[in-house]
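Encoded as structure tokens, the structure appears first; notes follow it.
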Amino acid sequence: MAQLWGGRFTKETDQLVYSFNASISFDKRFYAQDIKGSIAHVMMLARQGILTDYEKDQIIQGLEGILDDVECGRLEISDKYEDIHSFVEATLIDRIGDPGKKLHTGRSRNDQVALDMKLYTRDEVHLLDNLVEGLLQAILSILEDNIDTYMPGFTHLQKAQPITLAHHMGAYFEMFRRDHERLQDIYKRMNTCPLGSGALAGTTYPLDREYTARLLGFDGGPTLNSMDGVSDRDYLIELLSALSTIMMHLSRFSEEVIIWNSNEYQFVEIDDAYSTGSSIMPQKKNPDIAELVRGKTGRVYGALNAMLATMKGIPLAYNKDMQEDKEWVFDAIDTTKGCLVLFAGMIRTMEFRKDRMEKSAKNGFTNATDAADYLVNHGVPFRDAHGIVGQLVLTCIEKGISLDELPLEEYKEISEVFEEDIYEAISLETCVNKRVTAGAPGRQAMEETIAYYRKYMEEY
Ligand code: ARG
């Protein structure tokens, strides 16, 4: 057991209490951020004349040595310390003696941990955003290759109207670009520096908080209230909420991949490298990756709920409950990153069965709305047109054929308005390509959207 705060205690901490209280097993993950924050703090202390240049140099050298040694495995972060902050400080004192004891001047672990967590999550937001970018690229290239790949669009999982695979992919592009923008937005708001808030009430040392914030790249400057500085975890809640939304999108997409990959649909074939087999059924090739992504979504939601529940009852300012933020946030970040990588790889290698998609769009009366529109264009009121086409569909169902296959005489039996050009009017090509308003699947609209998306990715 190694503690920073033994002075006022007359007894050793109970071993169980010690383990229950300790956070080093998980906060050791941000040792580099802890050291980086300490270096900035010490530079500021020296600049303000609170430490001598000699002390500053000694401490910085010592800290850099610890960082190097941890990084190349010469120094192990031992669980005998309570947390990463204690480990770094105690190791520093061990190595450089007295100057090391001045590191914690004008600082509390409360503002220190608030800083470390921000530095860590700030880096992770960048990495997450890069992975979202990779996924958007993967989606965009499917989109570009499939402007003419016809498929049924669904509502209620019932075939509704014909669309293209490009259009379907475009919906996901929209979702993930909102996710990208959300991450950017969170980053902007979280980019303020809590260091210098002290335990809760600032400090009596003449700290230059602006300077530390600048050294650490906090564009938003120092936090403006020290109580909030040590106890704000909103940015983690926002991050968990953004991660939950990314996972929700990945999960919807996964669900579609699973349906499309089923024996009944066969719209896609997941690559062997992204599928798994069954221990008993030799014929099986399962979409486990998509299922796991769908499954892990619950786990990230869990982190968001846990964090919200923990924060709701915490009076100002720092309370130990807040230590619980780390495992959830780390797990949610790791999970989402893993899912983004795997999912992008899966769709990049997935084969789209264009023939099956087109065949499915043809069978299922996805062009019924267009048949009704044909009548409307010939002066029939829409409600009557709806009824007429309904009867045609019924006839086709009885005969087991599609609207395209129904002879003109039978059309005419139900409405005299139909002429030979009905077949052209209800072809998949016409149904899709006549839809050219902004956001629609028609080739012309899609090409404009794709040009916009390409530019969007260039400026990412
Ligand atoms: N391990 C603690 C945490 O993660 C560090 C802050 C400890 N501060 C304190 N006053 N006990 O929140």
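Quick note on naming: the chains in the structure tokens go A, B, ... in the order shown, residues restart at 1 in each chain, and ligands are numbered from 1 in order of appearance.
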
Please return as an mmCIF file with C-alpha atoms, in the first residue's frame: the residues of region 175-292 of chain A that backbone DSSP assigns to helix (DSSP H, G or I).
data_model
loop_
_atom_site.group_PDB
_atom_site.id
_atom_site.type_symbol
_atom_site.label_atom_id
_atom_site.label_comp_id
_atom_site.auth_asym_id
_atom_site.auth_seq_id
_atom_site.Cartn_x
_atom_site.Cartn_y
_atom_site.Cartn_z
ATOM 1 C CA MET A 175 -26.438 9.308 -40.014
ATOM 2 C CA PHE A 176 -22.700 8.931 -39.658
ATOM 3 C CA ARG A 177 -21.959 12.441 -40.832
ATOM 4 C CA ARG A 178 -24.213 13.735 -38.080
ATOM 5 C CA ASP A 179 -22.189 11.543 -35.722
ATOM 6 C CA HIS A 180 -19.012 13.147 -37.025
ATOM 7 C CA GLU A 181 -20.463 16.601 -36.452
ATOM 8 C CA ARG A 182 -21.597 15.625 -32.966
ATOM 9 C CA LEU A 183 -18.065 14.530 -32.058
ATOM 10 C CA GLN A 184 -16.662 17.794 -33.366
ATOM 11 C CA ASP A 185 -19.199 19.728 -31.390
ATOM 12 C CA ILE A 186 -18.466 17.864 -28.162
ATOM 13 C CA TYR A 187 -14.759 18.404 -28.683
ATOM 14 C CA LYS A 188 -15.260 22.152 -28.931
ATOM 15 C CA ARG A 189 -17.326 22.308 -25.765
ATOM 16 C CA MET A 190 -15.059 20.037 -23.685
ATOM 17 C CA ARG A 209 -4.206 29.212 -15.601
ATOM 18 C CA GLU A 210 -4.313 30.794 -19.052
ATOM 19 C CA TYR A 211 -0.747 29.702 -19.631
ATOM 20 C CA THR A 212 -1.323 26.085 -18.533
ATOM 21 C CA ALA A 213 -4.448 25.914 -20.672
ATOM 22 C CA ARG A 214 -2.470 27.178 -23.663
ATOM 23 C CA LEU A 215 0.387 24.726 -23.066
ATOM 24 C CA SER A 226 -13.390 25.925 -9.819
ATOM 25 C CA MET A 227 -16.246 23.942 -8.217
ATOM 26 C CA ASP A 228 -17.549 23.071 -11.642
ATOM 27 C CA GLY A 229 -14.010 22.528 -12.908
ATOM 28 C CA VAL A 230 -13.487 19.563 -10.579
ATOM 29 C CA SER A 231 -16.974 18.110 -10.775
ATOM 30 C CA ASP A 234 -21.198 16.580 -18.645
ATOM 31 C CA TYR A 235 -18.691 16.186 -21.421
ATOM 32 C CA LEU A 236 -18.460 12.475 -20.657
ATOM 33 C CA ILE A 237 -22.233 12.183 -20.729
ATOM 34 C CA GLU A 238 -22.269 13.993 -24.064
ATOM 35 C CA LEU A 239 -19.573 11.694 -25.350
ATOM 36 C CA LEU A 240 -21.396 8.577 -24.141
ATOM 37 C CA SER A 241 -24.541 9.892 -25.751
ATOM 38 C CA ALA A 242 -22.718 10.452 -29.056
ATOM 39 C CA LEU A 243 -21.198 6.962 -28.801
ATOM 40 C CA SER A 244 -24.626 5.489 -28.068
ATOM 41 C CA THR A 245 -25.959 7.193 -31.184
ATOM 42 C CA ILE A 246 -23.082 5.875 -33.299
ATOM 43 C CA MET A 247 -23.778 2.408 -31.909
ATOM 44 C CA MET A 248 -27.490 2.780 -32.571
ATOM 45 C CA HIS A 249 -26.693 3.592 -36.205
ATOM 46 C CA LEU A 250 -24.243 0.720 -36.468
ATOM 47 C CA SER A 251 -26.844 -1.541 -34.911
ATOM 48 C CA ARG A 252 -29.565 -0.597 -37.396
ATOM 49 C CA PHE A 253 -27.121 -1.118 -40.222
ATOM 50 C CA SER A 254 -26.060 -4.458 -38.714
ATOM 51 C CA GLU A 255 -29.665 -5.540 -38.515
ATOM 52 C CA GLU A 256 -30.050 -4.834 -42.229
ATOM 53 C CA VAL A 257 -26.853 -6.670 -43.088
ATOM 54 C CA ILE A 258 -28.124 -9.658 -41.112
ATOM 55 C CA ILE A 259 -31.462 -9.594 -42.939
ATOM 56 C CA TRP A 260 -29.819 -9.054 -46.327
ATOM 57 C CA ASP A 272 -15.541 -15.388 -45.428
ATOM 58 C CA ALA A 273 -12.989 -13.352 -43.496
ATOM 59 C CA TYR A 274 -15.844 -11.594 -41.662
ATOM 60 C CA ASP A 288 -21.489 -12.909 -36.140
ATOM 61 C CA ILE A 289 -19.709 -9.570 -36.542
ATOM 62 C CA ALA A 290 -22.930 -7.750 -37.385
ATOM 63 C CA GLU A 291 -24.700 -9.544 -34.526
ATOM 64 C CA LEU A 292 -21.971 -8.626 -32.070
#

Exercise. Could you give me, as a ChimeraX atom specification, every polymer residue with an atom at most 12 Å away from an atom of ligand 1, counting only C-alpha atoms and all ligand atoms?
Key: /A:3-5,18-30,34,81-87,107-117,198-200,230-233,317-327

How would the residues just chosen look if you wrote them out with C-alpha atoms as a PDB file, in the first residue's frame?
ATOM      1  CA  GLN A   3      -0.557   6.489  -0.051  1.00  0.00           C
ATOM      2  CA  LEU A   4      -0.021  10.203  -0.432  1.00  0.00           C
ATOM      3  CA  TRP A   5      -2.134  11.169   2.537  1.00  0.00           C
ATOM      4  CA  TYR A  18      -7.807  -0.050   0.195  1.00  0.00           C
ATOM      5  CA  SER A  19      -8.646  -2.268  -2.780  1.00  0.00           C
ATOM      6  CA  PHE A  20     -12.218  -0.991  -2.918  1.00  0.00           C
ATOM      7  CA  ASN A  21     -10.993   2.581  -3.026  1.00  0.00           C
ATOM      8  CA  ALA A  22      -8.102   2.123  -5.456  1.00  0.00           C
ATOM      9  CA  SER A  23      -8.420   3.061  -9.101  1.00  0.00           C
ATOM     10  CA  ILE A  24      -4.961   2.279 -10.433  1.00  0.00           C
ATOM     11  CA  SER A  25      -6.070  -0.917 -12.154  1.00  0.00           C
ATOM     12  CA  PHE A  26      -7.995   1.218 -14.645  1.00  0.00           C
ATOM     13  CA  ASP A  27      -6.648   4.779 -14.398  1.00  0.00           C
ATOM     14  CA  LYS A  28      -3.127   3.603 -15.258  1.00  0.00           C
ATOM     15  CA  ARG A  29      -4.373   3.879 -18.823  1.00  0.00           C
ATOM     16  CA  PHE A  30      -3.841   7.641 -18.743  1.00  0.00           C
ATOM     17  CA  ASP A  34      -1.015  12.512 -16.161  1.00  0.00           C
ATOM     18  CA  TYR A  81      -0.318   2.531  -5.482  1.00  0.00           C
ATOM     19  CA  GLU A  82      -3.810   3.887  -5.001  1.00  0.00           C
ATOM     20  CA  ASP A  83      -4.067   5.594  -8.372  1.00  0.00           C
ATOM     21  CA  ILE A  84      -1.951   6.726 -11.308  1.00  0.00           C
ATOM     22  CA  HIS A  85      -1.377  10.142  -9.736  1.00  0.00           C
ATOM     23  CA  SER A  86       0.133   8.577  -6.618  1.00  0.00           C
ATOM     24  CA  PHE A  87       2.246   6.257  -8.702  1.00  0.00           C
ATOM     25  CA  ARG A 107      -2.809  21.278  -7.269  1.00  0.00           C
ATOM     26  CA  SER A 108      -5.257  18.667  -5.971  1.00  0.00           C
ATOM     27  CA  ARG A 109      -5.950  15.225  -7.291  1.00  0.00           C
ATOM     28  CA  ASN A 110      -9.425  16.557  -7.966  1.00  0.00           C
ATOM     29  CA  ASP A 111      -8.332  18.991 -10.652  1.00  0.00           C
ATOM     30  CA  GLN A 112      -5.592  16.599 -11.702  1.00  0.00           C
ATOM     31  CA  VAL A 113      -7.978  13.737 -12.425  1.00  0.00           C
ATOM     32  CA  ALA A 114     -10.417  16.110 -14.115  1.00  0.00           C
ATOM     33  CA  LEU A 115      -7.566  17.201 -16.377  1.00  0.00           C
ATOM     34  CA  ASP A 116      -6.258  13.697 -17.093  1.00  0.00           C
ATOM     35  CA  MET A 117      -9.684  12.416 -18.058  1.00  0.00           C
ATOM     36  CA  GLY A 198      -7.513  22.955  -6.866  1.00  0.00           C
ATOM     37  CA  ALA A 199      -9.594  20.725  -4.622  1.00  0.00           C
ATOM     38  CA  LEU A 200     -12.663  22.896  -5.267  1.00  0.00           C
ATOM     39  CA  VAL A 230     -13.487  19.563 -10.579  1.00  0.00           C
ATOM     40  CA  SER A 231     -16.974  18.110 -10.775  1.00  0.00           C
ATOM     41  CA  ASP A 232     -18.160  18.580 -14.340  1.00  0.00           C
ATOM     42  CA  ARG A 233     -18.682  15.269 -16.069  1.00  0.00           C
ATOM     43  CA  ALA A 317     -18.102  19.544  -5.684  1.00  0.00           C
ATOM     44  CA  TYR A 318     -15.895  16.442  -6.134  1.00  0.00           C
ATOM     45  CA  ASN A 319     -17.172  13.198  -4.638  1.00  0.00           C
ATOM     46  CA  LYS A 320     -15.589   9.799  -4.960  1.00  0.00           C
ATOM     47  CA  ASP A 321     -18.573   8.494  -6.920  1.00  0.00           C
ATOM     48  CA  MET A 322     -16.989  10.261  -9.866  1.00  0.00           C
ATOM     49  CA  GLN A 323     -14.177   7.740  -9.960  1.00  0.00           C
ATOM     50  CA  GLU A 324     -16.773   5.399 -11.462  1.00  0.00           C
ATOM     51  CA  ASP A 325     -16.773   7.442 -14.670  1.00  0.00           C
ATOM     52  CA  LYS A 326     -13.595   5.827 -15.944  1.00  0.00           C
ATOM     53  CA  GLU A 327     -14.447   2.188 -16.455  1.00  0.00           C
TER      54      GLU A 327
END

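Of the listed residues A:Arg353, A:Lys80, A:Arg122, A:Lys455, the one whose atoms come nearest to Leu216 (chain A) is A:Arg122, with distances taken using only C-alpha atoms.
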
Quiz item: Any idea what's packed within 10 Å of Gly390 (chain A), counting only C-alpha atoms, ignoring anything in its chain fewer than 5 positions away? Could you give it as a PyMOL selection string?
Solution: chain A and resi 368-369+371-372+384-385+395-396

Self-check item: Nearest to Leu394 (chain A) by atom-to-atom distance, counting only C-alpha atoms, from A:Leu406, A:Gly196, A:Pro206, A:Gly37
Solution: A:Leu406

Quiz prompt | Using only C-alpha atoms: which of A:Leu428, A:Leu92, A:Met151, A:Ile139 has the shortest distance to Arg454 (chain A) | solution = A:Ile139

Quiz item: At what distance in Å, to one decimal, does CA of Leu340 (chain A) lie from CA of Val70 (chain A)?
Solution: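 CA of Leu340 (chain A) lies at a distance of 29.1 Å from CA of Val70 (chain A).
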
Exercise. Mind listing the strand (DSSP E) residues of region 91-229 of chain A, per DSSP on the backbone, as a ChimeraX atom specification?
Key: /A:150-155,158-164

Exercise. Give me, please, the distance in Å between CA of Glu424 (chain A) and CA of Val376 (chain A), quoted to one decimal.
Key: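 Between these atoms lies a distance of 15.8 Å.
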
Self-check item: A:Gly338, A:Gly7, A:Gly277, A:Pro222 ranked by distance to Leu127 (chain A), top pick (using only C-alpha atoms)
Solution: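 Using only C-alpha atoms, the shortest distance to Leu127 (chain A) belongs to A:Gly338.
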
Quiz item: Which residues come within 12 Å of Pro162 (chain A), counting only C-alpha atoms, excluding same-chain residues fewer than 3 positions away, as number ranges by chain?
Solution: A: 148-155, 158-159, 165-168, 357-370, 426-435, 440-442

Practice problem: State, in Å with one decimal place, the distance from CA of Met446 (chain A) to CA of Ile147 (chain A). | Solution: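 We find that CA of Met446 (chain A) and CA of Ile147 (chain A) lie 7.1 Å from each other.
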
Practice problem: Give me the residues within 12 Å of Glu64 (chain A) as a VMD selection string, counting only C-alpha atoms and dropping any in the same chain fewer than 6 places off. | Solution: chain A and resid 31 to 39 57 to 58 70 to 71 88 91 to 92 95

May I have the selected residues written with N, CA and C atoms, as a compact mmCIF listing (two decimals), in the first residue's frame?
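Result file follows (again-v2.txt):
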# COMPACT_ATOMS: atom_id res chain seq x y z
N TYR A 31 -1.57 7.25 -17.91
CA TYR A 31 -0.29 7.70 -17.34
C TYR A 31 0.34 8.81 -18.17
N ALA A 32 0.26 8.70 -19.51
CA ALA A 32 0.92 9.69 -20.37
C ALA A 32 0.27 11.06 -20.20
N GLN A 33 -1.05 11.07 -20.09
CA GLN A 33 -1.78 12.34 -19.90
C GLN A 33 -1.45 12.92 -18.53
N ASP A 34 -1.33 12.04 -17.51
CA ASP A 34 -1.02 12.51 -16.16
C ASP A 34 0.35 13.21 -16.16
N ILE A 35 1.31 12.60 -16.86
CA ILE A 35 2.66 13.18 -16.91
C ILE A 35 2.65 14.47 -17.72
N LYS A 36 1.95 14.46 -18.83
CA LYS A 36 1.87 15.66 -19.66
C LYS A 36 1.28 16.84 -18.87
N GLY A 37 0.24 16.57 -18.12
CA GLY A 37 -0.41 17.60 -17.30
C GLY A 37 0.55 18.12 -16.23
N SER A 38 1.31 17.19 -15.63
CA SER A 38 2.25 17.59 -14.58
C SER A 38 3.35 18.46 -15.15
N ILE A 39 3.82 18.11 -16.33
CA ILE A 39 4.89 18.91 -16.95
C ILE A 39 4.39 20.34 -17.20
N ASP A 57 13.49 21.92 -13.95
CA ASP A 57 14.24 21.04 -14.84
C ASP A 57 14.36 19.63 -14.26
N GLN A 58 14.64 19.57 -12.96
CA GLN A 58 14.75 18.27 -12.30
C GLN A 58 13.44 17.49 -12.44
N VAL A 70 8.10 3.76 -18.66
CA VAL A 70 6.82 3.03 -18.71
C VAL A 70 6.58 2.59 -20.15
N GLU A 71 6.85 3.50 -21.07
CA GLU A 71 6.57 3.24 -22.48
C GLU A 71 7.38 2.05 -23.02
N VAL A 88 2.82 8.15 -10.10
CA VAL A 88 3.77 9.04 -10.78
C VAL A 88 4.51 9.90 -9.75
N THR A 91 6.95 7.77 -7.60
CA THR A 91 8.10 7.33 -8.39
C THR A 91 9.05 8.50 -8.62
N LEU A 92 8.47 9.67 -8.88
CA LEU A 92 9.29 10.86 -9.10
C LEU A 92 10.12 11.18 -7.85
N ARG A 95 12.91 8.90 -7.39
CA ARG A 95 13.99 9.07 -8.35
C ARG A 95 14.77 10.38 -8.16

Practice problem: Determine the nearest neighbour of Leu45 (chain A) from the options A:Asp208, A:Glu351, A:Asp373, A:Glu447, counting only C-alpha atoms. | Solution: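 Closest candidate: A:Asp208.
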
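Among A:Arg74, A:Leu207, A:Thr192, A:Phe330, the residue with the shortest atom-to-atom distance to Leu224 (chain A), counting only C-alpha atoms, is A:Thr192.
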
Self-check item: For Tyr205 (chain A): contacts at 12 Å, only C-alpha atoms, fewer than 6 positions along chain excluded, given as a PyMOL selection string
Solution: chain A and resi 44-46+48-51+104-107+196-198

Selection to disk with C-alpha atoms, as a PDB file, in the first residue's frame:
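Listed below is the output, selection.pdb:
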ATOM      1  CA  MET A  44       3.718  27.272 -15.148  1.00  0.00           C
ATOM      2  CA  LEU A  45       4.840  27.093 -11.503  1.00  0.00           C
ATOM      3  CA  ALA A  46       8.413  28.014 -12.524  1.00  0.00           C
ATOM      4  CA  GLN A  48       5.319  32.248 -11.867  1.00  0.00           C
ATOM      5  CA  GLY A  49       8.371  32.014  -9.608  1.00  0.00           C
ATOM      6  CA  ILE A  50       6.736  29.362  -7.406  1.00  0.00           C
ATOM      7  CA  LEU A  51       9.449  26.819  -8.348  1.00  0.00           C
ATOM      8  CA  HIS A 104       1.876  18.877  -6.282  1.00  0.00           C
ATOM      9  CA  THR A 105       2.148  22.557  -5.241  1.00  0.00           C
ATOM     10  CA  GLY A 106      -1.077  24.401  -6.023  1.00  0.00           C
ATOM     11  CA  ARG A 107      -2.809  21.278  -7.269  1.00  0.00           C
ATOM     12  CA  GLY A 196      -5.867  25.150 -11.322  1.00  0.00           C
ATOM     13  CA  SER A 197      -9.308  24.542  -9.830  1.00  0.00           C
ATOM     14  CA  GLY A 198      -7.513  22.955  -6.866  1.00  0.00           C
TER      15      GLY A 198
END

Exercise. Pick out the residues sitting within 9 Å of Ala138 (chain A), and hand them over as a PyMOL selection string; count only C-alpha atoms, and ignore anything fewer than 4 positions along from it in its own chain.
Key: chain A and resi 133-134+142-143+344-345+347-348
